[in-house]
Structure formats: structure tokens, C-alpha cells
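K.L.:
My structure is stored as start.csv, with CSV, C-alpha atoms and all ligand atoms.
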```csv
chain,number,residue,atom,x,y,z
A,73,MET,CA,107.8,134.8,120.6
A,74,THR,CA,105.5,131.8,121.1
A,75,GLU,CA,102.8,131.3,118.5
A,76,SER,CA,99.5,130.0,119.9
A,77,LYS,CA,98.1,127.0,118.2
A,78,PRO,CA,94.9,127.4,116.2
A,79,ALA,CA,91.6,126.3,117.6
A,80,VAL,CA,90.8,123.0,115.9
A,81,ASP,CA,87.4,121.7,115.1
A,82,PRO,CA,87.1,118.3,117.0
A,83,ALA,CA,85.5,116.7,113.9
A,84,ASP,CA,88.5,117.7,111.8
A,85,LEU,CA,90.8,116.3,114.4
A,86,ALA,CA,88.8,113.0,114.6
A,87,PHE,CA,89.0,112.8,110.8
A,88,ILE,CA,92.8,113.1,110.8
A,89,ARG,CA,93.1,110.7,113.8
A,90,GLU,CA,91.1,108.0,112.1
A,91,ARG,CA,92.7,108.0,108.6
A,92,ARG,CA,95.8,105.9,108.0
A,93,VAL,CA,97.5,107.7,105.1
A,94,GLY,CA,98.2,111.4,104.8
A,95,HIS,CA,99.8,113.4,101.9
A,96,LEU,CA,102.7,115.6,103.0
A,97,ALA,CA,103.5,118.5,100.6
A,98,THR,CA,106.9,120.3,101.0
A,99,ALA,CA,108.8,122.6,98.7
A,100,ASP,CA,112.4,123.2,98.0
A,101,GLU,CA,114.3,126.5,98.1
A,102,ASP,CA,113.1,127.3,94.6
A,103,GLY,CA,109.5,126.5,95.5
A,104,ALA,CA,109.4,123.3,93.6
A,105,PRO,CA,106.7,121.2,95.3
A,106,SER,CA,106.9,117.6,96.3
A,107,VAL,CA,104.1,115.4,97.7
A,108,VAL,CA,104.5,112.0,99.5
A,109,PRO,CA,102.0,109.7,101.1
A,110,VAL,CA,103.0,109.1,104.7
A,111,CYS,CA,101.9,107.1,107.8
A,112,TYR,CA,101.3,109.5,110.7
A,113,ALA,CA,99.9,109.8,114.1
A,114,LEU,CA,98.4,112.7,116.2
A,115,ILE,CA,99.9,113.7,119.5
A,116,GLU,CA,97.3,115.6,121.4
A,117,ASP,CA,97.8,117.7,124.5
A,118,VAL,CA,96.2,120.7,126.1
A,119,GLY,CA,98.4,122.9,123.9
A,120,GLY,CA,96.8,121.4,120.7
A,121,ALA,CA,97.7,118.7,118.2
A,122,THR,CA,100.9,117.8,116.5
A,123,ILE,CA,101.1,115.5,113.5
A,124,VAL,CA,104.1,113.2,113.6
A,125,THR,CA,105.4,111.1,110.8
A,126,PRO,CA,108.4,108.8,111.0
A,127,LEU,CA,111.6,108.5,109.0
A,128,ASP,CA,111.0,104.8,109.4
A,129,ALA,CA,112.8,101.7,108.4
A,130,LYS,CA,110.6,101.0,105.4
A,131,PRO,CA,113.0,100.3,102.4
A,132,LYS,CA,114.2,103.6,100.9
A,133,THR,CA,116.4,104.2,97.9
A,134,VAL,CA,118.4,106.9,99.8
A,135,ASP,CA,119.5,107.5,103.4
A,136,TRP,CA,116.9,109.5,105.4
A,137,ARG,CA,119.2,112.6,105.4
A,138,SER,CA,118.9,112.7,101.6
A,139,LEU,CA,115.1,112.3,101.5
A,140,ARG,CA,113.6,115.2,99.6
A,141,ARG,CA,111.0,115.9,102.3
A,142,VAL,CA,113.9,116.2,104.9
A,143,ARG,CA,115.9,118.5,102.7
A,144,ASN,CA,112.8,120.6,101.8
A,145,ILE,CA,111.8,121.0,105.4
A,146,ALA,CA,115.3,122.2,106.3
A,147,ALA,CA,115.0,124.8,103.4
A,148,ARG,CA,111.4,125.8,104.0
A,149,PRO,CA,109.6,124.6,107.1
A,150,LYS,CA,106.2,125.5,105.7
A,151,VAL,CA,104.2,122.4,104.7
A,152,SER,CA,100.7,121.2,103.8
A,153,PHE,CA,99.3,117.9,104.9
A,154,VAL,CA,96.1,116.5,103.6
A,155,VAL,CA,94.0,113.5,104.5
A,156,ASP,CA,91.0,112.6,102.4
A,157,ASP,CA,88.2,110.1,101.8
A,158,TYR,CA,87.3,109.0,98.3
A,159,VAL,CA,84.1,106.9,98.1
A,160,GLU,CA,82.0,106.1,95.1
A,161,ASP,CA,79.1,107.5,97.1
A,162,TRP,CA,80.1,111.1,96.4
A,163,SER,CA,77.9,112.4,99.2
A,164,ARG,CA,80.6,111.1,101.5
A,165,LEU,CA,83.6,112.8,99.9
A,166,ALA,CA,85.7,114.7,102.4
A,167,TRP,CA,89.1,116.1,103.1
A,168,VAL,CA,91.0,117.9,105.8
A,169,LEU,CA,93.9,120.2,104.9
A,170,VAL,CA,96.5,121.2,107.5
A,171,ARG,CA,98.9,124.1,106.8
A,172,GLY,CA,101.7,124.3,109.3
A,173,ARG,CA,105.4,124.2,110.1
A,174,ALA,CA,107.4,121.1,110.1
A,175,ARG,CA,110.7,120.3,111.9
A,176,LEU,CA,112.8,117.3,112.4
A,177,VAL,CA,112.7,115.9,116.0
A,178,GLU,CA,115.8,114.0,117.0
A,179,PRO,CA,115.7,110.9,119.2
A,180,ALA,CA,115.6,111.6,123.0
A,181,THR,CA,114.1,115.1,122.2
A,182,PRO,CA,110.5,115.8,123.1
A,183,PRO,CA,108.1,114.8,121.6
A,184,HIS,CA,110.1,112.0,120.0
A,185,ALA,CA,109.2,109.3,122.5
A,186,ASP,CA,105.5,110.3,122.4
A,187,ALA,CA,105.6,110.3,118.6
A,188,VAL,CA,107.1,106.8,118.5
A,189,ALA,CA,104.6,105.5,121.0
A,190,ALA,CA,101.6,107.0,119.1
A,191,LEU,CA,102.9,105.6,115.8
A,192,ARG,CA,103.3,102.1,117.2
A,193,ALA,CA,99.9,102.2,118.8
A,194,LYS,CA,98.4,103.1,115.4
A,195,TYR,CA,100.4,100.9,113.2
A,196,PRO,CA,101.4,97.5,114.6
A,197,GLN,CA,104.0,97.2,111.8
A,198,TYR,CA,106.1,99.9,113.6
A,199,ARG,CA,106.4,97.8,116.7
A,200,ALA,CA,109.0,95.7,115.0
A,201,MET,CA,110.9,98.6,113.4
A,202,PRO,CA,113.8,100.5,115.0
A,203,LEU,CA,112.0,103.9,115.1
A,204,ASP,CA,113.7,104.9,118.4
A,205,ASP,CA,117.0,105.8,116.7
A,206,LEU,CA,115.6,107.8,113.8
A,207,PRO,CA,114.3,111.4,113.8
A,208,VAL,CA,110.6,112.0,113.2
A,209,ILE,CA,109.0,114.9,111.4
A,210,ALA,CA,106.6,116.9,113.6
A,211,ILE,CA,104.1,119.2,112.0
A,212,GLU,CA,102.6,122.0,114.1
A,213,PRO,CA,99.3,123.1,112.5
A,214,ARG,CA,98.9,126.8,111.8
A,215,ALA,CA,95.6,126.6,109.9
A,216,ILE,CA,93.2,123.7,109.3
A,217,ARG,CA,90.6,123.7,106.6
A,218,SER,CA,88.1,121.0,105.8
A,219,TRP,CA,85.6,120.2,103.2
A,220,ARG,CA,82.7,117.8,103.1
A,221,PHE,CA,80.4,117.2,100.2
A,222,GLY,CA,77.5,119.6,100.5
A,223,GLY,CA,79.0,120.7,103.9
A,224,ALA,CA,77.3,117.7,105.5
A,225,ALA,CA,78.7,117.4,109.0
A,226,GLY,CA,79.9,114.0,109.8
A,227,ALA,CA,79.0,112.7,106.3
A,228,SER,CA,82.2,110.7,106.1
A,229,ALA,CA,82.1,109.3,109.6
A,230,ARG,CA,82.6,105.8,108.0
A,231,PRO,CA,86.1,104.7,107.0
A,232,GLY,CA,87.0,105.1,103.4
A,233,GLY,CA,85.7,102.8,100.7
A,234,PRO,CA,88.9,102.6,98.7
A,235,GLU,CA,90.8,101.1,101.6
A,236,LEU,CA,88.1,98.4,102.1
A,237,ALA,CA,88.1,97.6,98.3
A,238,ALA,CA,91.9,97.3,98.4
A,239,LEU,CA,91.8,95.0,101.4
A,240,VAL,CA,89.0,92.8,99.9
A,241,ARG,CA,90.7,92.5,96.6
A,242,GLY,CA,94.2,92.2,98.0
A,243,ARG,CA,93.6,89.4,100.5
A,244,ARG,CA,94.9,86.2,99.1
A,245,SER,CA,95.3,82.6,100.2
A,246,VAL,CA,98.9,82.0,101.1
A,247,ARG,CA,100.3,78.4,101.3
A,248,ALA,CA,104.0,79.0,101.7
A,249,PHE,CA,105.4,81.1,104.6
A,250,ARG,CA,108.6,82.7,105.7
A,251,ALA,CA,109.8,81.8,109.2
A,252,ASP,CA,109.5,85.5,110.5
A,253,PRO,CA,107.4,85.6,113.6
A,254,VAL,CA,104.0,87.4,113.6
A,255,PRO,CA,103.6,90.0,116.3
A,256,ARG,CA,101.0,88.8,118.8
A,257,PRO,CA,99.1,92.2,118.7
A,258,ILE,CA,98.4,91.6,115.0
A,259,VAL,CA,96.9,88.2,115.8
A,260,GLU,CA,94.8,89.6,118.6
A,261,ARG,CA,93.5,92.5,116.5
A,262,ALA,CA,92.5,89.9,113.9
A,263,ILE,CA,90.6,87.8,116.4
A,264,GLU,CA,89.0,91.0,117.8
A,265,ALA,CA,87.9,91.8,114.2
A,266,ALA,CA,86.5,88.3,113.9
A,267,GLY,CA,84.4,89.0,116.9
A,268,TRP,CA,82.6,91.9,115.0
A,269,ALA,CA,81.2,89.5,112.4
A,270,PRO,CA,77.4,89.2,112.2
A,271,SER,CA,76.2,86.1,114.1
A,272,PRO,CA,72.8,84.5,114.9
A,273,HIS,CA,71.1,86.3,117.7
A,274,GLY,CA,74.5,88.1,118.2
A,275,ARG,CA,75.7,85.0,120.2
A,276,GLN,CA,79.1,84.7,118.5
A,277,PRO,CA,79.0,80.9,118.2
A,278,TRP,CA,82.8,80.6,117.6
A,279,ARG,CA,86.1,80.5,119.4
A,280,PHE,CA,89.7,80.7,118.1
A,281,ALA,CA,92.5,78.4,119.3
A,282,VAL,CA,95.9,80.1,118.6
A,283,VAL,CA,98.6,77.4,118.2
A,284,GLU,CA,102.2,78.6,118.4
A,285,ALA,CA,104.0,76.2,120.7
A,286,PRO,CA,106.1,73.7,118.6
A,287,GLU,CA,105.0,70.7,120.6
A,288,ARG,CA,101.3,71.6,120.2
A,289,ARG,CA,101.8,72.3,116.5
A,290,ALA,CA,103.6,68.9,116.1
A,291,ALA,CA,100.8,67.0,117.9
A,292,LEU,CA,98.3,68.7,115.6
A,293,ALA,CA,100.2,68.0,112.4
A,294,GLY,CA,100.9,64.4,113.3
A,295,ALA,CA,97.3,63.6,114.3
A,296,MET,CA,95.9,65.2,111.2
A,297,ALA,CA,98.4,63.6,108.8
A,298,ALA,CA,97.6,60.1,110.2
A,299,THR,CA,93.8,60.7,109.6
A,300,TRP,CA,94.3,62.2,106.2
A,301,ARG,CA,96.5,59.4,105.1
A,302,GLU,CA,93.8,56.9,106.1
A,303,GLN,CA,91.1,58.9,104.2
A,304,LEU,CA,93.2,59.3,101.1
A,305,ASN,CA,94.1,55.6,101.1
A,306,LEU,CA,90.4,54.9,101.5
A,307,ASP,CA,89.8,57.0,98.3
A,308,GLY,CA,92.2,54.7,96.5
A,309,GLN,CA,94.7,57.5,95.9
A,310,ASP,CA,98.1,56.7,94.4
A,311,ALA,CA,100.6,56.3,97.3
A,312,ALA,CA,103.1,58.8,95.8
A,313,ILE,CA,100.3,61.4,95.5
A,314,VAL,CA,99.1,60.7,99.1
A,315,GLN,CA,102.7,61.3,100.3
A,316,HIS,CA,103.2,64.5,98.3
A,317,ARG,CA,100.0,66.0,99.5
A,318,LEU,CA,100.8,65.0,103.1
A,319,ASN,CA,104.3,66.6,102.8
A,320,GLN,CA,102.8,69.8,101.5
A,321,SER,CA,100.3,70.1,104.3
A,322,ARG,CA,102.9,69.2,106.9
A,323,GLU,CA,105.3,71.8,105.6
A,324,ARG,CA,102.6,74.5,105.8
A,325,LEU,CA,101.8,73.5,109.4
A,326,HIS,CA,105.4,73.6,110.4
A,327,THR,CA,106.5,76.8,108.6
A,328,ALA,CA,103.5,79.1,109.3
A,329,PRO,CA,104.6,80.9,112.5
A,330,VAL,CA,101.0,80.9,113.9
A,331,LEU,CA,98.1,78.5,113.3
A,332,ILE,CA,94.6,79.6,114.2
A,333,VAL,CA,91.8,77.0,114.6
A,334,PRO,CA,88.4,78.5,114.3
A,335,CYS,CA,85.9,76.3,116.3
A,336,LEU,CA,82.2,76.3,116.3
A,337,TYR,CA,80.7,76.9,119.7
A,338,LEU,CA,77.0,76.0,119.8
A,339,SER,CA,76.3,76.1,123.5
A,340,ASP,CA,74.8,79.6,123.5
A,341,LEU,CA,72.4,79.0,120.6
A,342,ASP,CA,68.7,78.5,120.7
A,343,ARG,CA,67.4,74.9,120.9
A,344,TYR,CA,64.5,73.6,118.9
A,345,PRO,CA,62.4,70.5,119.3
A,346,ASP,CA,62.4,69.7,115.6
A,347,ALA,CA,65.4,68.7,113.5
A,348,GLY,CA,64.7,71.2,110.7
A,349,ARG,CA,64.9,74.3,112.8
A,350,GLN,CA,67.8,72.9,114.8
A,351,ALA,CA,69.8,72.2,111.6
A,352,ALA,CA,69.0,75.8,110.4
A,353,GLU,CA,70.3,77.2,113.7
A,354,GLU,CA,73.5,75.3,113.3
A,355,ILE,CA,73.9,76.3,109.6
A,356,MET,CA,73.5,79.9,110.7
A,357,ALA,CA,76.3,79.4,113.1
A,358,ILE,CA,78.5,77.9,110.4
A,359,GLN,CA,77.7,80.8,108.0
A,360,SER,CA,78.6,83.2,110.7
A,361,LEU,CA,81.9,81.4,111.4
A,362,GLY,CA,82.7,82.0,107.7
A,363,ALA,CA,82.0,85.7,108.2
A,364,ALA,CA,84.2,85.8,111.3
A,365,VAL,CA,87.1,84.1,109.5
A,366,GLN,CA,86.8,86.6,106.6
A,367,ASN,CA,87.1,89.5,109.1
A,368,LEU,CA,90.1,87.8,110.6
A,369,LEU,CA,91.8,87.3,107.3
A,370,LEU,CA,91.1,90.9,106.2
A,371,SER,CA,92.4,92.2,109.5
A,372,LEU,CA,95.6,90.1,109.2
A,373,TYR,CA,96.0,91.4,105.7
A,374,ALA,CA,95.5,95.0,106.8
A,375,GLY,CA,98.3,94.3,109.3
A,376,GLY,CA,100.7,93.1,106.5
A,377,VAL,CA,100.2,89.4,107.4
A,378,ASP,CA,98.7,86.7,105.2
A,379,GLY,CA,96.6,83.7,106.0
A,380,GLY,CA,95.8,80.4,104.3
A,381,TRP,CA,92.5,78.7,105.0
A,382,MET,CA,92.7,74.9,105.4
A,383,CYS,CA,89.6,72.8,105.6
A,384,ALA,CA,91.3,69.7,107.1
A,385,PRO,CA,90.0,70.0,110.7
A,386,LEU,CA,86.4,69.8,109.3
A,387,PHE,CA,87.2,66.2,108.2
A,388,CYS,CA,88.5,65.2,111.6
A,389,PRO,CA,87.2,67.6,114.3
A,390,GLU,CA,87.6,65.1,117.2
A,391,VAL,CA,91.2,64.3,116.2
A,392,VAL,CA,92.1,68.0,116.2
A,393,ARG,CA,90.2,68.6,119.4
A,394,ASP,CA,92.1,65.8,121.1
A,395,ALA,CA,95.5,66.8,119.7
A,396,LEU,CA,95.1,70.3,121.0
A,397,GLY,CA,93.4,69.3,124.2
A,398,LEU,CA,90.3,71.5,123.5
A,399,ALA,CA,87.1,71.6,125.5
A,400,PRO,CA,84.5,69.1,124.2
A,401,GLU,CA,82.0,71.9,123.2
A,402,LEU,CA,84.5,73.3,120.7
A,403,ILE,CA,84.1,71.9,117.2
A,404,PRO,CA,87.2,72.7,115.0
A,405,HIS,CA,86.1,73.8,111.6
A,406,ALA,CA,89.2,75.0,109.9
A,407,LEU,CA,92.8,75.9,110.3
A,408,ILE,CA,94.2,79.2,109.3
A,409,ALA,CA,97.9,79.2,108.7
A,410,VAL,CA,99.2,82.7,109.5
A,411,GLY,CA,102.5,84.3,108.5
A,412,TYR,CA,104.4,86.3,105.9
A,413,ALA,CA,104.1,85.0,102.3
A,414,ALA,CA,107.3,83.4,101.1
A,415,ARG,CA,106.2,84.5,97.6
A,416,ASP,CA,103.2,86.1,95.9
A,417,PRO,CA,100.7,83.4,95.3
A,418,VAL,CA,98.9,83.0,91.9
A,419,ARG,CA,95.5,84.4,92.2
A,420,ARG,CA,92.4,82.7,90.9
A,421,PRO,CA,90.4,84.9,88.6
A,422,ARG,CA,87.0,86.0,89.7
A,423,LEU,CA,83.6,85.7,87.9
A,424,PRO,CA,82.5,88.9,86.2
A,425,LEU,CA,79.8,90.9,88.0
A,426,GLU,CA,77.1,89.9,85.5
A,427,GLN,CA,77.6,86.3,86.4
A,428,LEU,CA,77.4,87.0,90.1
A,429,ILE,CA,74.0,88.8,89.9
A,430,VAL,CA,71.1,86.6,89.2
A,431,SER,CA,69.1,87.9,86.2
A,432,TRP,CA,65.7,87.0,85.0
A,433,GLU,CA,66.2,87.6,81.3
B,501,LIG,C1,85.8,76.9,103.5
B,501,LIG,C2,87.1,77.0,102.8
B,501,LIG,C3,88.1,75.9,102.9
B,501,LIG,C4,89.3,76.0,102.2
B,501,LIG,N1,90.2,75.0,102.4
B,501,LIG,C5,91.4,75.1,101.7
B,501,LIG,C6,92.3,74.0,101.9
B,501,LIG,O1,92.1,73.0,102.6
B,501,LIG,N2,93.5,74.1,101.3
B,501,LIG,C7,93.8,75.2,100.5
B,501,LIG,O2,94.9,75.3,100.0
B,501,LIG,N3,93.0,76.2,100.4
B,501,LIG,C8,91.8,76.2,100.9
B,501,LIG,N4,90.9,77.2,100.8
B,501,LIG,C9,91.3,78.4,100.1
B,501,LIG,C10,90.7,78.5,98.7
B,501,LIG,O3,91.3,77.6,97.8
B,501,LIG,C11,90.9,79.9,98.1
B,501,LIG,O4,90.2,80.8,98.9
B,501,LIG,C12,90.5,80.1,96.7
B,501,LIG,O5,91.3,79.3,95.8
B,501,LIG,C13,90.5,81.5,96.2
B,501,LIG,O6,91.8,82.0,96.3
B,501,LIG,P1,92.1,83.4,97.2
B,501,LIG,O7,91.7,83.1,98.6
B,501,LIG,O8,93.6,83.6,97.1
B,501,LIG,O9,91.4,84.5,96.6
B,501,LIG,C14,89.6,77.2,101.4
B,501,LIG,C15,88.7,78.2,101.4
B,501,LIG,C16,87.5,78.1,102.1
B,501,LIG,C17,86.5,79.3,102.0
```
Would you mind writing the file's structure down as C-alpha cells?
Ligand SMILES: Cc1cc2nc3c(=O)[nH]c(=O)nc-3n(C[C@H](O)[C@H](O)[C@H](O)COP(=O)(O)O)c2cc1C

P.N.:
Amino acid sequence: MTESKPAVDPADLAFIRERRVGHLATADEDGAPSVVPVCYALIEDVGGATIVTPLDAKPKTVDWRSLRRVRNIAARPKVSFVVDDYVEDWSRLAWVLVRGRARLVEPATPPHADAVAALRAKYPQYRAMPLDDLPVIAIEPRAIRSWRFGGAAGASARPGGPELAALVRGRRSVRAFRADPVPRPIVERAIEAAGWAPSPHGRQPWRFAVVEAPERRAALAGAMAATWREQLNLDGQDAAIVQHRLNQSRERLHTAPVLIVPCLYLSDLDRYPDAGRQAAEEIMAIQSLGAAVQNLLLSLYAGGVDGGWMCAPLFCPEVVRDALGLAPELIPHALIAVGYAARDPVRRPRLPLEQLIVSWE
């Protein structure tokens, strides 16, 4: 007997599709429940939707066959799966609950290949993991219920606040990197995110040079080091300190697998006859470059990758431009070292909220 799939509200499906973490509840033969947070993707076809979650290569304390969820599904295929939004603005609280039947899908068995493709499209981290050789869990929905605060349709169309808060607080400046390469899609997604920053007149007055080739990186590091040495010597710095700082900077430029040089690009901005307004226009562009870099850093961090903002190019823009062979209208403003942190950096504490808000008392 074939069971027909339930009619699914497209809004509920969209809600499930857009979230990044679900909670999968299973029960063992005695009915003892177990809930785990999981990464998942939706496979949608004319027959309906299937939720797939991998037995992936993230570190586990036990072999996948011994995972409680795997043993539970073998004993009782009935599962619940919930995705939710918690936001401090409670008018946007929402969840979608799927009740269904789960099964293990072995490699080379449909829809295993579709599941792996969907998971990799959703989570770039999976592109570097050997998902092809491990089974996935497929959940066929039998009933879908959803709840939105006050029943407001589409009230939680915006992505969840807790995720943003975690990204904003979690991002950190990393200055020592492992040699592991960074997947190009993560870098491209980050530059795409930078493109969504606010900018004066929406003109996006910035471009990003991605430096990966060893010879280009060496040319950049060499040229900047020579200029920096001159500048530090000019400041009368102790020779040993100059050498130490240069070594540190050189090491970062050589070990970070990717360097991104955000450049100001003023050609599309308005021109003013007076210096005051012209300067304001350029300051707006620089402010916007900062916003774009923050988007870039948050996107990298969301992709599991860290960045370290270095101001050095600001002090020698022509040197950087020449070393990289950049077009004359590009003004290098920073250098973002991109890679996987060699260790967790020490975080600088932040000012308390009361100090950030200007008060009139
Ligand atoms: C415009 C700008 C320039 C920066 N330049 C450097 C730099 O040259 N070297 C460095 O180690 N960190 C640099 N930083 C990173 C800051 O030191 C860092 O953001 C700050 O200490 C807070 O730490 P966190 O980013 O881990 O929260 C820069 C940050 C900004 C916004």
C-alpha cells in the first residue's frame, strides 16, 4: 500500500527550507525520547517533500551505527522534527512541527545522491566532507503543524534573531591560521554578502581582490614589508621590535590560505564642485566599505571560516596596488587574512550597553 503524502502549506515548507537547524526527536523501543539538533535539507518533487539529514563526518563519540537516533529509527520509525524561530520580538515567534516516518537511506540508493547534493548546496561545509559513503536519514512527513504568534501569516519571514546575535558576538579577529585551504564558494558567498551592505546612492563603491597565488602573495608581502620597515624606522622604533612586528605580519600573510584586499572604488560616486561635499561623499564610501567588510566577515564566520582585518594597505595603497597589478581606480583600504583559526584568539571585552548609549543625565 502506498501512503499519499500530506498536502503541505507552502509557507510551512518555505519556513523549513530557510532554517539551518532542526530538532529531530526519536524514541527507543521503550518509548524513551531523544532529541538532537541536526543540519538538514529539503528534497522537493511533485510527490511532496522529504527532509534529509546526514550521518556526517562531524566528530562523533561513537560510530554512526551506534548513534542513538539510528538505533531508535530502526526500532521505531515514527519521528518528530521541529524548526523554530526565537526572537526577542515575540510577535515574530514561530515553529513548524513535522511528524513522519524516518528511514536510513544507504549510498547509491535513491534519494541518497539528491540528499547529498541538497545538503552540500545548503551547507558549504559539507562540500569538503565525505558524505557520499555514509547513509542519510530521510523523513517522510505524515502531518505538518505550524504556529505563529497570534497566527500572523508570514510574521517570521525574517531569519532568526538568535542566529544573527550568535554570529555578531562569535566573530573574532584571527591572527594565526592553519594551512587548510578555504573552499572557494565560502569566499564567494562572503563577497556576495559584502555586496549587500548599505552604500551611498546604492553605488557599491568597493571591489575585492582575492589573493591566493603564492607569487602574488609573496609580491604583496614583500612590498608591504619594505614600506612598513621604512615607516617604523622613521618612527624611531627599536630595530628588534621592527623585525618582530614585520615577522608577525609576514607570517600572517604567508599562512592565511586566502587574502582579500577590499578596495575603495570611487568612479561611480557623485562629484561636487566644493571640497566639503566631495570629502563627505568619499567618507560615505569609506563608511560603506566598513559595512561591506563586516558583512564579509560575518558571512565567513557563518561558513566556519575566520578573518583578520589588517589596516596595512591603508598606509601604502599605491604599493599594494602595484604589487598586485590592480587598476589605478582601485584604492586598497585593508587586507583581510582568511582561513581557519590555529587557536581561539583572546577576545577584547566590550563596553557595557550604558556606555554605548549617549545619555543626557
Ligand atoms: C579598520 C580596522 C583596522 C584593523 N587593523 C588591524 C591590524 O592592522 N592588525 C590587527 O591585528 N588587527 C586589526 N584590526 C582588528 C582589531 O584589532 C579588532 O577588531 C579588535 O581588537 C576587536 O577584536 P575582535 O575583532 O576579535 O572582536 C582592525 C580593525 C579595524 C576595524

K.L.:
Contacts between ligand LIG 501 (chain B) and chain A, please, where a residue of chain A counts if it comes within 8 Å (with all atoms listed in the file); show its shortest atom pair and distance in Å to one decimal, rows by chain and ascending number, as a tab-separated table.

P.N.:
```
residue	atom	partner	partner_atom	distance
A:Arg243	CA	B:LIG501	O9	6.6
A:Arg244	CA	B:LIG501	O8	3.5
A:Ser245	CA	B:LIG501	O8	3.7
A:Val246	CA	B:LIG501	O8	6.8
A:Arg247	CA	B:LIG501	O2	6.4
A:Gly362	CA	B:LIG501	C1	7.3
A:Gly380	CA	B:LIG501	N3	6.4
A:Trp381	CA	B:LIG501	N4	4.7
A:Met382	CA	B:LIG501	O1	3.4
A:Cys383	CA	B:LIG501	O1	3.9
A:Ala384	CA	B:LIG501	O1	5.6
A:Ala406	CA	B:LIG501	C3	7.1
A:Pro417	CA	B:LIG501	O8	7.3
A:Val418	CA	B:LIG501	O8	7.4
A:Arg419	CA	B:LIG501	O8	5.3
A:Arg420	CA	B:LIG501	O6	5.5
```

K.L.:
Just how far from CA of Ala295 (chain A) is CA of Pro404 (chain A), in Å to one decimal?

P.N.:
13.6 Å

K.L.:
Could you list, as a ChimeraX atom specification, every residue within 12 Å of Ile145 (chain A), counting all atoms listed in the file and ignoring same-chain residues fewer than 2 positions away?

P.N.:
/A:96-101,103,105-106,137-143,147-152,172-177,208-211

K.L.:
Return the single residue from A:Ala121, A:Leu203, A:Ala266, A:Ala395 that is closest to Arg279 (chain A), with distances computed using only C-alpha atoms.

P.N.:
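Selected residue with least distance to Arg279 (chain A): A:Ala266.
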
K.L.:
Which distance in Å separates CA of Pro385 (chain A) and CA of Leu407 (chain A), to one decimal?

P.N.:
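Distance between the two atoms: 6.5 Å.
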
K.L.:
Just the residues within 8 Å of Ile88 (chain A), please, counting all atoms listed in the file, with nothing from its chain fewer than 5 positions along; format it as a PDB file with C-alpha atoms, in the coordinates of the input.

P.N.:
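This went into result-v4.pdb:
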```pdb
ATOM      1  CA  LEU A 114      98.400 112.700 116.200  1.00  0.00           C
ATOM      2  CA  VAL A 155      94.000 113.500 104.500  1.00  0.00           C
ATOM      3  CA  VAL A 168      91.000 117.900 105.800  1.00  0.00           C
TER       4      VAL A 168
END
```

K.L.:
Of the candidates A:Lys194, A:Arg164, A:Arg250, A:His316, which shows the shortest atom-to-atom distance to Tyr112 (chain A), using all atoms listed in the file?

P.N.:
A:Lys194

K.L.:
Identify which of the residues A:Glu178, A:Ala311, A:Leu372, A:Ala285 lies closest to Asp204 (chain A), counting all atoms listed in the file when measuring atom-to-atom distances.

P.N.:
A:Glu178

K.L.:
Interatomic distance between CA of Ala193 (chain A) and CA of Val108 (chain A)?

P.N.:
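Taking CA of Ala193 (chain A) and CA of Val108 (chain A), their separation equals 22.1 Å.
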
K.L.:
Choose the residue, out of A:Ile216, A:Phe221, A:Asp378, A:Leu318, that has the smallest atom-to-atom separation from Arg415 (chain A); count all atoms listed in the file.

P.N.:
A:Asp378

K.L.:
Which is closer to His405 (chain A) than all the others in A:Leu336, A:Val159, A:Ile258, A:Leu191, using only C-alpha atoms?

P.N.:
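When distances to His405 (chain A) are compared using only C-alpha atoms, the smallest one comes from A:Leu336.
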
K.L.:
With all atoms listed in the file as the counted atoms, please give the residues lying no more than 9 Å from Gly376 (chain A), apart from itself and same-chain residues fewer than 5 positions off, as a list in words.

P.N.:
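After dropping sequence-adjacent residues, the list is Gln197, Ile258, Ser371 and Tyr412 of chain A.
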
K.L.:
Per residue of region 73-130 of chain A within 10 Å of region 182-185 of chain A, what are the shortest atom pair and its distance in Å to one decimal, counting all atoms listed in the file, with rows by chain and residue number, as a tab-separated table?

P.N.:
```
residue	atom	partner	partner_atom	distance
A:Ile115	CA	A:Pro183	CA	8.5
A:Thr122	CA	A:Pro183	CA	9.3
A:Val124	CA	A:His184	CA	8.9
A:Pro126	CA	A:His184	CA	9.7
```

K.L.:
So that I can check the surroundings of Arg324 (chain A), please list as a ChimeraX atom specification every protein, DNA and RNA residue that reaches within 9 Å of it, counting all atoms listed in the file and ignoring chain neighbours fewer than 5 positions away.

P.N.:
/A:247-249,319,409

K.L.:
Taking only C-alpha atoms into account, which of A:Ala146, A:Leu331, A:Val314, A:Ala352 comes nearest Val254 (chain A)?

P.N.:
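Comparing A:Ala146, A:Leu331, A:Val314, A:Ala352 against Val254 (chain A), the winner is A:Leu331.
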
K.L.:
Produce the centre coordinates and the three edge lengths, each in Å to one decimal, of the box along x, y and z that contains all listed atoms of region 402-414 of chain A with 3 Å added on each side, as AutoDock Vina command-line options.

P.N.:
```
--center_x 95.7 --center_y 79.1 --center_z 110.9 --size_x 29.2 --size_y 20.4 --size_z 25.6
```

K.L.:
When you look at Val80 (chain A) with a cut-off of 8 Å (counting all atoms listed in the file), what residues show up, excluding the ones that are within fewer than 2 positions of it in the same chain? I need them as a PDB file with C-alpha atoms, in the frame of the given file.

P.N.:
```pdb
ATOM      1  CA  PRO A  78      94.900 127.400 116.200  1.00  0.00           C
ATOM      2  CA  PRO A  82      87.100 118.300 117.000  1.00  0.00           C
ATOM      3  CA  ASP A  84      88.500 117.700 111.800  1.00  0.00           C
ATOM      4  CA  LEU A  85      90.800 116.300 114.400  1.00  0.00           C
ATOM      5  CA  GLY A 120      96.800 121.400 120.700  1.00  0.00           C
ATOM      6  CA  ILE A 216      93.200 123.700 109.300  1.00  0.00           C
TER       7      ILE A 216
END
```

K.L.:
Could you give me, as a PyMOL selection string, the residues that have an atom at most 8 Å away from the point (83.0, 89.6, 113.1) in the coordinates of the file, using all atoms listed in the file?

P.N.:
chain A and resi 264-271+363-365+367-368
